$ cat my_file06.cif   # mmCIF, C-alpha atoms
data_model
loop_
_atom_site.label_atom_id
_atom_site.label_comp_id
_atom_site.auth_asym_id
_atom_site.auth_seq_id
_atom_site.Cartn_x
_atom_site.Cartn_y
_atom_site.Cartn_z
CA MET F 1 -13.81 -37.67 -41.01
CA ARG F 2 -11.13 -36.43 -38.62
CA ASN F 3 -11.44 -32.71 -37.87
CA PRO F 4 -14.15 -32.36 -40.53
CA LEU F 5 -14.51 -28.59 -40.43
CA PRO F 6 -10.85 -27.57 -41.04
CA ALA F 7 -10.60 -30.27 -43.69
CA GLY F 8 -13.73 -28.87 -45.32
CA ILE F 9 -12.40 -25.33 -45.25
CA LEU F 10 -9.08 -26.50 -46.66
CA THR F 11 -10.81 -28.38 -49.46
CA ALA F 12 -12.95 -25.36 -50.25
CA CYS F 13 -9.82 -23.20 -50.28
CA PHE F 14 -8.08 -25.44 -52.79
CA VAL F 15 -11.19 -25.64 -54.97
CA LEU F 16 -11.83 -21.91 -54.92
CA GLY F 17 -8.17 -20.97 -54.95
CA GLY F 18 -8.91 -18.24 -52.45
CA CYS F 19 -6.93 -19.41 -49.43
CA GLY F 20 -3.26 -19.98 -48.66
CA GLY F 21 -0.73 -17.38 -47.64
CA ALA F 22 -1.42 -14.73 -45.08
CA ASN F 23 -1.68 -11.01 -44.66
CA VAL F 24 -0.64 -10.10 -41.15
CA LEU F 25 -0.76 -6.64 -39.64
CA VAL F 26 0.81 -6.85 -36.20
CA GLU F 27 -0.42 -4.44 -33.56
CA THR F 28 0.88 -4.90 -30.06
CA THR F 29 2.95 -3.48 -27.27
CA VAL F 30 4.69 -4.98 -24.25
CA PRO F 31 4.32 -4.41 -20.51
CA THR F 32 6.81 -2.12 -18.78
CA PRO F 33 9.78 -4.33 -17.89
CA LEU F 34 10.63 -4.84 -14.23
CA VAL F 35 14.27 -3.70 -14.44
CA GLU F 36 16.48 -1.14 -12.73
CA PRO F 37 17.03 1.79 -15.12
CA LEU F 38 20.62 2.48 -16.16
CA PRO F 39 21.89 5.95 -15.13
CA LEU F 40 22.13 7.08 -18.75
CA THR F 41 20.44 9.57 -21.02
CA MET F 42 19.92 7.62 -24.21
CA GLY F 43 19.12 9.07 -27.58
CA VAL F 44 16.74 6.88 -29.57
CA HIS F 45 16.30 6.99 -33.33
CA PHE F 46 13.74 4.94 -35.26
CA ASP F 47 14.75 4.78 -38.90
CA ALA F 48 12.14 4.49 -41.67
CA SER F 49 13.63 1.07 -42.55
CA LEU F 50 12.33 -0.08 -39.13
CA THR F 51 9.03 1.77 -38.96
CA ASP F 52 8.04 0.78 -42.52
CA TYR F 53 9.33 -2.79 -42.33
CA VAL F 54 7.25 -5.33 -44.25
CA HIS F 55 8.26 -8.93 -44.93
CA GLU F 56 6.87 -10.42 -48.13
CA GLU F 57 7.51 -13.95 -49.27
CA ASP F 58 5.95 -16.21 -51.85
CA LEU F 59 6.07 -19.85 -50.82
CA GLU F 60 5.56 -22.04 -53.85
CA LEU F 61 3.21 -24.53 -52.21
CA TYR F 62 1.60 -22.31 -49.59
CA GLY F 63 0.90 -18.93 -51.16
CA LYS F 64 1.92 -15.34 -50.62
CA PHE F 65 2.76 -14.12 -47.15
CA ARG F 66 2.96 -10.52 -46.03
CA ILE F 67 3.88 -9.60 -42.47
CA GLU F 68 3.58 -5.92 -41.69
CA LEU F 69 5.75 -5.40 -38.66
CA GLY F 70 6.89 -1.81 -39.04
CA SER F 71 4.89 0.58 -36.91
CA THR F 72 4.18 -1.78 -34.00
CA GLN F 73 7.88 -2.01 -33.17
CA VAL F 74 8.01 1.63 -32.10
CA PRO F 75 5.70 1.32 -29.04
CA VAL F 76 7.44 -1.95 -28.12
CA PHE F 77 10.94 -0.46 -28.18
CA GLU F 78 9.78 2.81 -26.62
CA ARG F 79 8.24 0.95 -23.66
CA VAL F 80 11.47 -0.98 -23.08
CA PHE F 81 13.83 1.94 -23.60
CA ASP F 82 11.83 4.20 -21.27
CA ALA F 83 12.13 1.58 -18.51
CA MET F 84 15.79 0.77 -19.19
CA PHE F 85 17.32 4.24 -19.10
CA ALA F 86 17.05 7.11 -16.63
CA ARG F 87 16.08 9.38 -19.57
CA THR F 88 15.44 8.86 -23.23
CA GLU F 89 15.44 11.46 -25.95
CA HIS F 90 13.79 10.88 -29.30
CA MET F 91 16.10 11.90 -32.18
CA GLU F 92 14.61 12.65 -35.59
CA THR F 93 17.99 12.30 -37.31
CA LEU F 94 21.51 11.01 -36.70
CA ASP F 95 23.06 13.82 -38.72
CA ALA F 96 23.13 16.52 -36.04
CA PRO F 97 25.48 15.95 -33.05
CA SER F 98 23.70 15.79 -29.69
CA ALA F 99 25.60 16.79 -26.58
CA GLY F 100 22.71 16.06 -24.25
CA VAL F 101 22.87 12.28 -24.51
CA ASP F 102 25.37 9.60 -23.47
CA ALA F 103 24.82 7.61 -26.65
CA ILE F 104 22.24 7.01 -29.37
CA ILE F 105 20.67 3.64 -30.11
CA VAL F 106 19.04 2.63 -33.38
CA PRO F 107 17.15 -0.68 -33.69
CA VAL F 108 17.46 -2.29 -37.12
CA VAL F 109 15.70 -5.36 -38.56
CA GLU F 110 18.33 -7.41 -40.36
CA GLU F 111 16.23 -10.41 -41.29
CA LEU F 112 12.87 -12.07 -40.67
CA GLN F 113 12.10 -15.72 -41.26
CA PHE F 114 8.97 -17.69 -40.55
CA SER F 115 7.60 -21.18 -40.87
CA ILE F 116 4.11 -22.62 -40.87
CA PRO F 117 3.03 -26.05 -39.55
CA ALA F 118 2.56 -27.45 -43.06
CA GLN F 119 6.25 -26.86 -43.79
CA THR F 120 7.68 -28.27 -40.57
CA ARG F 121 5.07 -30.98 -39.88
CA SER F 122 4.72 -29.61 -36.37
CA ASP F 123 1.95 -27.78 -34.52
CA PHE F 124 3.77 -24.46 -34.58
CA PHE F 125 3.87 -21.22 -36.48
CA GLU F 126 7.33 -19.79 -35.85
CA ILE F 127 9.00 -16.43 -36.42
CA TRP F 128 12.66 -15.47 -36.15
CA ILE F 129 13.58 -11.79 -36.23
CA LYS F 130 17.23 -10.86 -36.35
CA TYR F 131 17.63 -7.34 -34.98
CA LYS F 132 20.76 -5.37 -34.34
CA ILE F 133 20.98 -2.37 -32.09
CA ASP F 134 23.42 0.16 -33.54
CA ILE F 135 25.10 2.18 -30.79
CA TYR F 136 26.30 5.63 -31.82
CA ALA F 137 28.38 8.21 -29.96
CA PRO F 138 26.67 11.60 -29.46
CA ASN F 139 28.67 12.96 -32.43
CA GLY F 140 27.09 10.35 -34.70
CA GLU F 141 30.07 7.96 -34.90
CA LEU F 142 29.03 4.29 -34.97
CA LEU F 143 30.53 2.59 -31.89
CA SER F 144 29.20 -0.93 -32.37
CA SER F 145 26.27 -3.10 -33.40
CA TRP F 146 24.75 -5.33 -30.74
CA PRO F 147 22.89 -8.44 -32.00
CA LEU F 148 19.33 -8.98 -30.75
CA PRO F 149 17.81 -12.31 -31.82
CA ALA F 150 14.08 -12.77 -31.26
CA TYR F 151 11.94 -15.87 -31.56
CA GLY F 152 8.23 -16.42 -31.23
CA LYS F 153 5.94 -19.35 -31.83
CA SER F 154 2.25 -20.09 -31.58
CA ASN F 155 0.59 -23.45 -31.18
CA SER F 156 -1.94 -24.12 -33.95
CA ARG F 157 -3.76 -26.48 -31.57
CA ASN F 158 -4.83 -23.45 -29.56
CA PHE F 159 -6.93 -22.12 -32.44
CA GLY F 160 -9.52 -24.91 -32.55
CA PHE F 161 -11.20 -25.16 -35.96
CA MET F 162 -9.10 -22.19 -37.13
CA GLU F 163 -5.89 -24.18 -36.59
CA SER F 164 -4.82 -23.82 -40.21
CA SER F 165 -5.25 -20.04 -40.24
CA SER F 166 -1.82 -18.62 -41.02
CA ASP F 167 -3.05 -15.09 -40.29
CA LEU F 168 -3.90 -15.97 -36.70
CA GLY F 169 -0.86 -18.16 -36.14
CA LEU F 170 1.72 -15.80 -37.60
CA ASN F 171 0.19 -12.80 -35.84
CA GLU F 172 0.47 -14.50 -32.46
CA ALA F 173 3.97 -15.83 -33.19
CA THR F 174 5.10 -12.31 -34.14
CA ILE F 175 3.69 -10.87 -30.93
CA TRP F 176 5.67 -13.46 -28.96
CA ALA F 177 8.79 -12.63 -30.99
CA LEU F 178 8.43 -8.94 -30.13
CA ARG F 179 8.01 -9.80 -26.44
CA ASP F 180 11.10 -11.99 -26.74
CA ALA F 181 13.07 -9.12 -28.29
CA ALA F 182 11.98 -6.82 -25.47
CA ALA F 183 12.85 -9.39 -22.80
CA HIS F 184 16.25 -10.18 -24.34
CA PHE F 185 17.05 -6.49 -24.63
CA ALA F 186 16.02 -5.81 -21.02
CA PHE F 187 18.17 -8.62 -19.67
CA TYR F 188 21.28 -8.46 -21.81
CA PHE F 189 21.73 -4.99 -23.30
CA PRO F 190 23.18 -3.58 -20.03
CA GLN F 191 26.01 -6.13 -20.49
CA ALA F 192 27.03 -4.80 -23.93
CA PRO F 193 30.64 -3.56 -23.51
CA GLU F 194 29.93 0.00 -24.68
CA ILE F 195 26.93 0.27 -22.38
CA ARG F 196 28.88 -1.08 -19.41
CA THR F 197 31.60 1.49 -20.04
CA LEU F 198 29.06 4.30 -20.24
CA THR F 199 27.25 3.08 -17.13
CA ASP F 200 30.50 2.79 -15.13
CA ARG F 201 31.49 6.28 -16.23
CA ALA F 202 28.08 7.71 -15.27
CA MET F 203 28.22 6.01 -11.87
CA GLN F 204 31.73 7.32 -11.19
CA ALA F 205 30.66 10.83 -12.21
CA SER F 206 27.73 10.73 -9.80
CA GLY F 207 30.06 9.57 -7.02
CA MET U 208 -32.21 -26.69 -50.64
CA THR U 209 -28.68 -26.40 -52.02
CA ARG U 210 -26.15 -29.19 -51.66
CA GLY U 211 -24.09 -27.13 -49.15
CA ALA U 212 -27.13 -26.25 -47.05
CA ALA U 213 -28.24 -29.87 -47.01
CA PHE U 214 -24.87 -31.05 -45.70
CA GLY U 215 -24.86 -28.13 -43.23
CA THR U 216 -28.21 -29.30 -41.87
CA LEU U 217 -26.88 -32.83 -41.57
CA LEU U 218 -23.79 -31.59 -39.70
CA ALA U 219 -25.95 -29.51 -37.36
CA LEU U 220 -28.17 -32.51 -36.71
CA ALA U 221 -25.11 -34.61 -35.93
CA THR U 222 -23.84 -31.98 -33.51
CA LEU U 223 -27.21 -31.76 -31.77
CA THR U 224 -27.40 -35.50 -31.33
CA SER U 225 -23.84 -35.67 -29.94
CA VAL U 226 -23.60 -37.91 -26.88
CA PRO U 227 -20.77 -37.80 -24.32
CA GLY U 228 -18.51 -40.85 -24.35
CA CYS U 229 -16.74 -42.52 -21.45
CA VAL U 230 -13.46 -41.20 -20.03
CA THR U 231 -11.27 -43.01 -17.52
CA ALA U 232 -9.09 -40.67 -15.50
CA THR U 233 -6.47 -41.42 -12.86
CA VAL U 234 -4.62 -38.96 -10.70
CA GLN U 235 -1.47 -39.28 -8.62
CA GLU U 236 0.06 -36.90 -6.11
CA VAL U 237 3.62 -36.62 -4.82
CA ARG U 238 4.06 -34.30 -1.87
CA GLU U 239 7.52 -32.88 -1.14
CA GLY U 240 6.62 -30.06 1.23
CA SER U 241 3.77 -28.74 3.32
CA THR U 242 1.19 -26.47 1.74
CA GLY U 243 -1.54 -24.12 2.91
CA ILE U 244 -3.02 -20.97 1.50
CA SER U 245 -5.11 -18.21 2.99
CA ALA U 246 -8.09 -16.51 1.36
CA ASP U 247 -6.09 -13.35 0.61
CA GLU U 248 -3.38 -15.26 -1.26
CA SER U 249 -3.56 -16.55 -4.80
CA ILE U 250 -2.05 -19.02 -7.19
CA VAL U 251 -1.28 -18.85 -10.89
CA VAL U 252 -1.43 -21.74 -13.36
CA LEU U 253 1.24 -21.51 -16.06
CA GLY U 254 1.95 -23.54 -19.19
CA ARG U 255 5.49 -24.34 -20.25
CA ARG U 256 6.21 -22.51 -23.51
CA HIS U 257 9.90 -23.15 -24.11
CA LYS U 258 9.56 -26.52 -25.85
CA THR U 259 9.21 -26.92 -29.59
CA ARG U 260 7.30 -30.19 -29.26
CA GLY U 261 4.52 -31.23 -26.92
CA GLU U 262 3.61 -27.76 -25.70
CA THR U 263 0.63 -27.79 -23.37
CA GLU U 264 -2.52 -26.41 -25.03
CA SER U 265 -3.45 -22.97 -23.68
CA GLY U 266 -7.06 -24.18 -23.43
CA PHE U 267 -5.98 -26.81 -20.90
CA VAL U 268 -4.11 -24.25 -18.80
CA ASP U 269 -7.19 -21.98 -18.85
CA CYS U 270 -9.42 -24.92 -17.97
CA VAL U 271 -7.33 -25.83 -14.89
CA SER U 272 -7.11 -22.19 -13.87
CA ARG U 273 -10.91 -21.75 -14.08
CA ALA U 274 -11.66 -25.07 -12.38
CA VAL U 275 -9.29 -24.42 -9.46
CA ALA U 276 -10.76 -20.91 -9.10
CA GLY U 277 -14.24 -22.47 -8.84
CA GLY U 278 -13.52 -23.57 -5.26
CA ARG U 279 -13.24 -19.92 -4.12
CA ASP U 280 -10.97 -20.87 -1.17
CA PHE U 281 -8.23 -18.64 -2.55
CA GLY U 282 -7.57 -16.37 -5.52
CA VAL U 283 -6.43 -17.56 -8.95
CA MET U 284 -4.60 -15.07 -11.14
CA SER U 285 -4.76 -15.55 -14.89
CA GLU U 286 -1.62 -16.62 -16.71
CA SER U 287 -1.57 -13.57 -18.98
CA ASP U 288 -2.05 -11.13 -16.08
CA PHE U 289 0.82 -12.79 -14.21
CA VAL U 290 3.32 -12.85 -17.09
CA ASP U 291 2.47 -9.22 -17.90
CA ALA U 292 2.83 -8.16 -14.25
CA THR U 293 6.23 -9.85 -13.99
CA PHE U 294 7.49 -9.03 -17.50
CA PRO U 295 10.14 -10.01 -18.63
CA TRP U 296 10.87 -12.70 -16.02
CA PHE U 297 8.33 -15.36 -17.09
CA GLU U 298 8.59 -15.21 -20.87
CA PRO U 299 9.09 -18.51 -22.77
CA ARG U 300 12.88 -18.10 -22.93
CA THR U 301 13.41 -16.41 -19.56
CA ALA U 302 11.09 -18.29 -17.19
CA PRO U 303 12.89 -20.39 -14.57
CA VAL U 304 12.98 -24.04 -15.60
CA ASP U 305 13.69 -25.53 -12.17
CA VAL U 306 13.45 -24.59 -8.53
CA ASP U 307 17.11 -23.60 -8.21
CA ASP U 308 16.66 -21.21 -11.09
CA PHE U 309 13.42 -20.00 -9.53
CA SER U 310 14.95 -19.19 -6.12
CA GLN U 311 17.58 -17.06 -7.86
CA VAL U 312 14.97 -15.27 -9.94
CA VAL U 313 12.62 -14.45 -7.04
CA ALA U 314 15.57 -13.09 -5.08
CA HIS U 315 15.60 -10.15 -7.50
CA PRO U 316 14.22 -7.23 -5.44
CA LEU U 317 11.91 -5.73 -8.09
CA LEU U 318 10.40 -9.10 -8.92
CA SER U 319 9.95 -10.27 -5.34
CA GLU U 320 8.30 -6.95 -4.49
CA ARG U 321 5.93 -7.28 -7.46
CA ILE U 322 5.02 -10.86 -6.55
CA ARG U 323 4.35 -9.77 -2.98
CA GLU U 324 2.14 -6.95 -4.28
CA ILE U 325 0.03 -9.25 -6.40
CA GLY U 326 -0.22 -11.79 -3.60
CA VAL U 327 0.78 -14.91 -5.55
CA ARG U 328 1.79 -17.70 -3.16
CA TYR U 329 2.07 -20.71 -5.49
CA LEU U 330 3.07 -21.18 -9.11
CA VAL U 331 1.57 -24.25 -10.76
CA TRP U 332 3.48 -25.29 -13.88
CA ILE U 333 1.58 -27.54 -16.26
CA GLU U 334 3.30 -29.85 -18.74
CA GLY U 335 1.79 -32.43 -21.06
CA THR U 336 -0.64 -32.77 -23.95
CA THR U 337 -3.60 -34.69 -25.30
CA GLN U 338 -2.82 -36.90 -28.28
CA ARG U 339 -4.92 -39.00 -30.61
CA THR U 340 -3.36 -42.43 -30.20
CA SER U 341 -5.38 -44.51 -32.64
CA GLU U 342 -8.10 -44.15 -35.24
CA THR U 343 -10.05 -46.78 -37.17
CA GLY U 344 -12.95 -46.93 -39.59
CA THR U 345 -14.44 -44.41 -41.97
CA VAL U 346 -17.62 -42.42 -42.53
CA ASN U 347 -18.66 -41.43 -46.05
CA CYS U 348 -21.28 -38.82 -46.79
CA THR U 349 -23.12 -38.55 -50.07
CA MET U 350 -26.33 -37.31 -51.68
CA VAL U 351 -28.89 -40.05 -52.08
CA SER U 352 -31.92 -39.88 -54.38
CA GLY U 353 -34.01 -36.75 -54.00
CA GLY U 354 -31.03 -34.64 -52.99
CA ILE U 355 -31.07 -35.87 -49.39
CA PRO U 356 -27.65 -36.03 -47.76
CA ALA U 357 -26.73 -39.20 -45.90
CA CYS U 358 -23.68 -40.60 -44.12
CA PHE U 359 -22.78 -44.26 -43.69
CA GLY U 360 -19.99 -46.02 -41.81
CA PHE U 361 -18.34 -46.24 -38.43
CA LEU U 362 -15.40 -44.22 -37.16
CA SER U 363 -13.66 -44.50 -33.80
CA TRP U 364 -10.60 -42.92 -32.26
CA GLU U 365 -8.84 -42.94 -28.91
CA ASN U 366 -7.45 -39.86 -27.17
CA ASP U 367 -4.89 -39.99 -24.41
CA SER U 368 -4.18 -37.11 -22.01
CA ASN U 369 -1.08 -36.93 -19.84
CA TYR U 370 -0.50 -33.84 -17.74
CA GLU U 371 1.67 -33.06 -14.74
CA ALA U 372 1.44 -30.01 -12.49
CA SER U 373 4.48 -28.97 -10.44
CA VAL U 374 3.70 -26.68 -7.53
CA TRP U 375 6.30 -24.12 -6.46
CA ASP U 376 5.99 -22.23 -3.20
CA VAL U 377 6.99 -18.63 -3.93
CA ARG U 378 7.53 -17.77 -0.26
CA GLN U 379 9.85 -20.68 0.48
CA GLY U 380 11.35 -20.95 -3.01
CA ILE U 381 10.84 -24.72 -3.13
CA ASN U 382 8.95 -27.35 -5.10
CA VAL U 383 6.21 -28.59 -2.76
CA GLY U 384 4.99 -31.41 -4.98
CA ARG U 385 3.50 -32.71 -8.19
CA VAL U 386 0.07 -33.81 -9.29
CA ARG U 387 -0.24 -36.06 -12.33
CA SER U 388 -3.41 -36.72 -14.29
CA GLU U 389 -3.91 -39.32 -16.99
CA ALA U 390 -7.13 -39.78 -18.91
CA VAL U 391 -8.10 -41.99 -21.79
CA GLY U 392 -11.30 -42.29 -23.78
CA THR U 393 -12.64 -43.67 -27.03
CA SER U 394 -14.98 -41.70 -29.27
CA PHE U 395 -17.28 -43.18 -31.92
CA ILE U 396 -19.30 -41.92 -34.85
CA PRO U 397 -21.78 -44.54 -36.05
CA ALA U 398 -23.55 -43.25 -39.13
CA LEU U 399 -26.69 -44.68 -40.63
CA VAL U 400 -27.96 -41.71 -42.65
CA VAL U 401 -27.43 -39.31 -39.71
CA PRO U 402 -24.02 -39.57 -37.97
CA ILE U 403 -24.32 -39.72 -34.17
CA PRO U 404 -21.05 -38.62 -32.55
CA ILE U 405 -20.33 -40.18 -29.15
CA VAL U 406 -17.39 -38.04 -28.12
CA ALA U 407 -15.21 -38.78 -25.09
CA ARG U 408 -14.09 -35.44 -23.67
CA VAL U 409 -10.71 -36.73 -22.56
CA ARG U 410 -8.95 -33.42 -22.07
CA GLN U 411 -11.89 -32.12 -20.07
CA GLY U 412 -11.71 -35.23 -17.89
CA ALA U 413 -7.99 -34.74 -17.27
CA CYS U 414 -8.63 -31.08 -16.45
CA SER U 415 -11.36 -31.89 -13.91
CA SER U 416 -9.39 -34.58 -12.10
CA LEU U 417 -6.18 -32.53 -12.03
CA SER U 418 -7.99 -29.41 -10.79
CA ASP U 419 -9.86 -31.24 -8.01
CA GLN U 420 -6.64 -32.81 -6.78
CA LEU U 421 -4.72 -29.54 -7.01
CA ARG U 422 -7.33 -27.73 -4.94
CA SER U 423 -7.10 -30.29 -2.17
CA PHE U 424 -3.29 -30.46 -2.49
CA LEU U 425 -2.96 -26.72 -1.93
CA SER U 426 -5.37 -26.31 0.94
CA ASP U 427 -5.59 -29.74 2.63
CA GLU U 428 -2.69 -29.50 4.96
CA ALA U 429 -2.42 -26.99 7.79
CA GLU U 430 0.43 -24.57 7.22
CA THR U 431 3.52 -25.24 9.32
#
$ encode --input "my_file06.cif" --output "structure tokens"
Amino acid sequence: MRNPLPAGILTACFVLGGCGGANVLVETTVPTPLVEPLPLTMGVHFDASLTDYVHEEDLELYGKFRIELGSTQVPVFERVFDAMFARTEHMETLDAPSAGVDAIIVPVVEELQFSIPAQTRSDFFEIWIKYKIDIYAPNGELLSSWPLPAYGKSNSRNFGFMESSSDLGLNEATIWALRDAAAHFAFYFPQAPEIRTLTDRAMQASG
Amino acid sequence: MTRGAAFGTLLALATLTSVPGCVTATVQEVREGSTGISADESIVVLGRRHKTRGETESGFVDCVSRAVAGGRDFGVMSESDFVDATFPWFEPRTAPVDVDDFSQVVAHPLLSERIREIGVRYLVWIEGTTQRTSETGTVNCTMVSGGIPACFGFLSWENDSNYEASVWDVRQGINVGRVRSEAVGTSFIPALVVPIPIVARVRQGACSSLSDQLRSFLSDEAET
């Protein structure tokens, strides 16, 4: 009779066939990062592949999982970019050259993976998001792609009798992964070679 | 009455008749520096989030934070308010893991200014968990004649809490000491028709003893 309520819910789920899997719609943002802004005017483009991103996976033993990540990434990246650069300019397209910016950055989701406690025999829901930040010259030429790995986890023991709820666990893990992406970007993007070159040039130009 | 409603009533009855069990808690303190805090300063209680095993339960961190705040000798900032106010310096993968790391981090002008603004004097890092260490017996519930639910048997389990709080002085950039709390307790459910849970609130016991000791640790000694 250990943890009778979750066990009861789980049993009911198996009997009724109505549980398993998860449908997660992530809605979050991040605080404004405490960082010195770089002296750059940065063009920012959010592609539809980012804003509409949905991860769907059918795990044989655990059901269908759908993680809708798309639209919540925009406020997260906007908050970070606005703090990181002296000015940001939203670009609808990469097709038209833009003389008013030092470079253009485009966040891209390359891959998303997740695990649930039942798979790993641990207490944690975990999410890995592999982003890359494409850095373009103002004329639209791709200069480089900077890798941005993000990881988030949530402890199922924090959810009490809802500890087996994948919706809750994956939602919280995804929020932590987005915070991790924002933190990693804030700390390490200024060290990307192309960004250092641009920053040095901007600092020399301003004397 | 349906079968589900009957068992629901039995469960509710069991919950209502729940009796607190015994918890034995011990606390130890190691002081490495002087402490002292004024009424206009505050502390923040933080859980370590970078480990993949044995992560401290957020409920325990909240419990310590609330219990320490109960003394009202100084302010206690919530963990979420602090990590948001200092974002991205205290995220799971970026938070300083030791005091050397910490003194470098707080030397950053924007962060040190923010910490000064919010008035946090001490960071209290909590590590540890509560584990179920043993479990014996069984309780079986069934419908007896007349559709009346009934449970029979005896179940017992032991929980063990081990937590340690490290206290960092933000102003001096040093570790001023550690407080360790251990608690153990055995819970029982004897069931003769109605199960009567006798639950030892071990984690709650560890939280109370750790919080009491932390409060005295932070404010006991006159500031030097």
$ interface_residues --input "my_file06.cif" --of "chain U" --to "chain F" --cutoff "8 Å" --atoms "only C-alpha atoms" --output "MDAnalysis selection string"
chainID U and resid 259:260 262 264:266 291:296 298:301 317:318 345:347 362
$ atom_distance --input "my_file06.cif" --atom1 "CA of Glu27 (chain F)" --atom2 "CA of Arg79 (chain F)"
14.2 Å
$ closest_residue --input "my_file06.cif" --among "U:Thr231, U:Ser394, U:Gln311, U:Thr337" --to "Thr263 (chain U)" --atoms "all atoms listed in the file"
U:Thr337
$ closest_residue --input "my_file06.cif" --among "U:Glu389, U:Glu286, U:Asp419, U:Glu239" --to "Val251 (chain U)" --atoms "only C-alpha atoms"
U:Glu286
$ resolve_selection --input "my_file06.cif" --expression "the PyMOL selection byres ((chain F and resi 131-139) around 10)" --output "count of residues only"
44
$ residues_around --input "my_file06.cif" --residues "Pro75 (chain F)" --least-positions-apart "3" --cutoff "10 Å" --atoms "all atoms listed in the file" --output "list of chain:residue names"
F:Glu27, F:Thr28, F:Thr29, F:Val30, F:Ser71, F:Thr72, F:Glu78, F:Arg79, F:Val80, F:Phe81
$ atom_distance --input "my_file06.cif" --atom1 "CA of Val271 (chain U)" --atom2 "CA of Ala173 (chain F)"
23.7 Å
$ atom_distance --input "my_file06.cif" --atom1 "CA of Trp375 (chain U)" --atom2 "CA of Ala246 (chain U)"
18.1 Å
$ residues_around --input "my_file06.cif" --residues "Thr174 (chain F)" --least-positions-apart "3" --cutoff "7 Å" --atoms "only C-alpha atoms" --output "number ranges by chain"
F: 127, 152, 170-171, 177-178
$ residues_around --input "my_file06.cif" --residues "Val24 (chain F)" --least-positions-apart "5" --cutoff "7 Å" --atoms "all atoms listed in the file" --output "ChimeraX atom specification"
/F:66-68,167,171
$ resolve_selection --input "my_file06.cif" --expression "the PyMOL selection byres ((chain F and resi 84) around 6)" --output "VMD selection string"
chain F and resid 37 to 38 81 to 83 85
$ axis_aligned_box --input "my_file06.cif" --around "region 193-205 of chain F" --padding-each-side "6 Å" --output "lines of an AutoDock Vina configuration file"
center_x = 29.3
center_y = 3.6
center_z = -17.9
size_x = 16.8
size_y = 26.4
size_z = 25.5
$ residues_near_point --input "my_file06.cif" --point "(-15.8, -39.6, -23.7)" --cutoff "7 Å" --atoms "all atoms listed in the file" --output "PyMOL selection string"
chain U and resi 227-230+392-394+406-409
$ closest_residue --input "my_file06.cif" --among "U:Val304, U:Ile322, U:Val283, U:Val401" --to "Ile244 (chain U)" --atoms "all atoms listed in the file"
U:Val283
$ resolve_selection --input "my_file06.cif" --expression "the PyMOL selection byres ((chain U and resi 424) around 12)" --output "PyMOL selection string"
chain U and resi 234-244+275+329+331+372-374+383-387+417-423+425-430
$ residues_near_point --input "my_file06.cif" --point "(14.8, -19.7, -8.6)" --cutoff "12 Å" --atoms "only C-alpha atoms" --output "list in words"
Trp296, Phe297, Thr301, Ala302, Pro303, Val304, Asp305, Val306, Asp307, Asp308, Phe309, Ser310, Gln311, Val312, Val313, Ala314, His315, Leu318, Ser319, Leu330, Trp375, Asp376, Val377, Arg378, Gln379, Gly380, Ile381 and Asn382 of chain U
$ closest_residue --input "my_file06.cif" --among "U:Tyr370, U:Trp364, U:Phe281, U:Trp332" --to "Pro404 (chain U)" --atoms "all atoms listed in the file"
U:Trp364
$ closest_residue --input "my_file06.cif" --among "F:Ala86, F:Ile175, F:Ala22, F:Ala48" --to "Lys64 (chain F)" --atoms "all atoms listed in the file"
F:Ala22
$ closest_residue --input "my_file06.cif" --among "U:Arg321, U:Val327, U:Gly254, U:Asp269" --to "Gly282 (chain U)" --atoms "only C-alpha atoms"
U:Val327
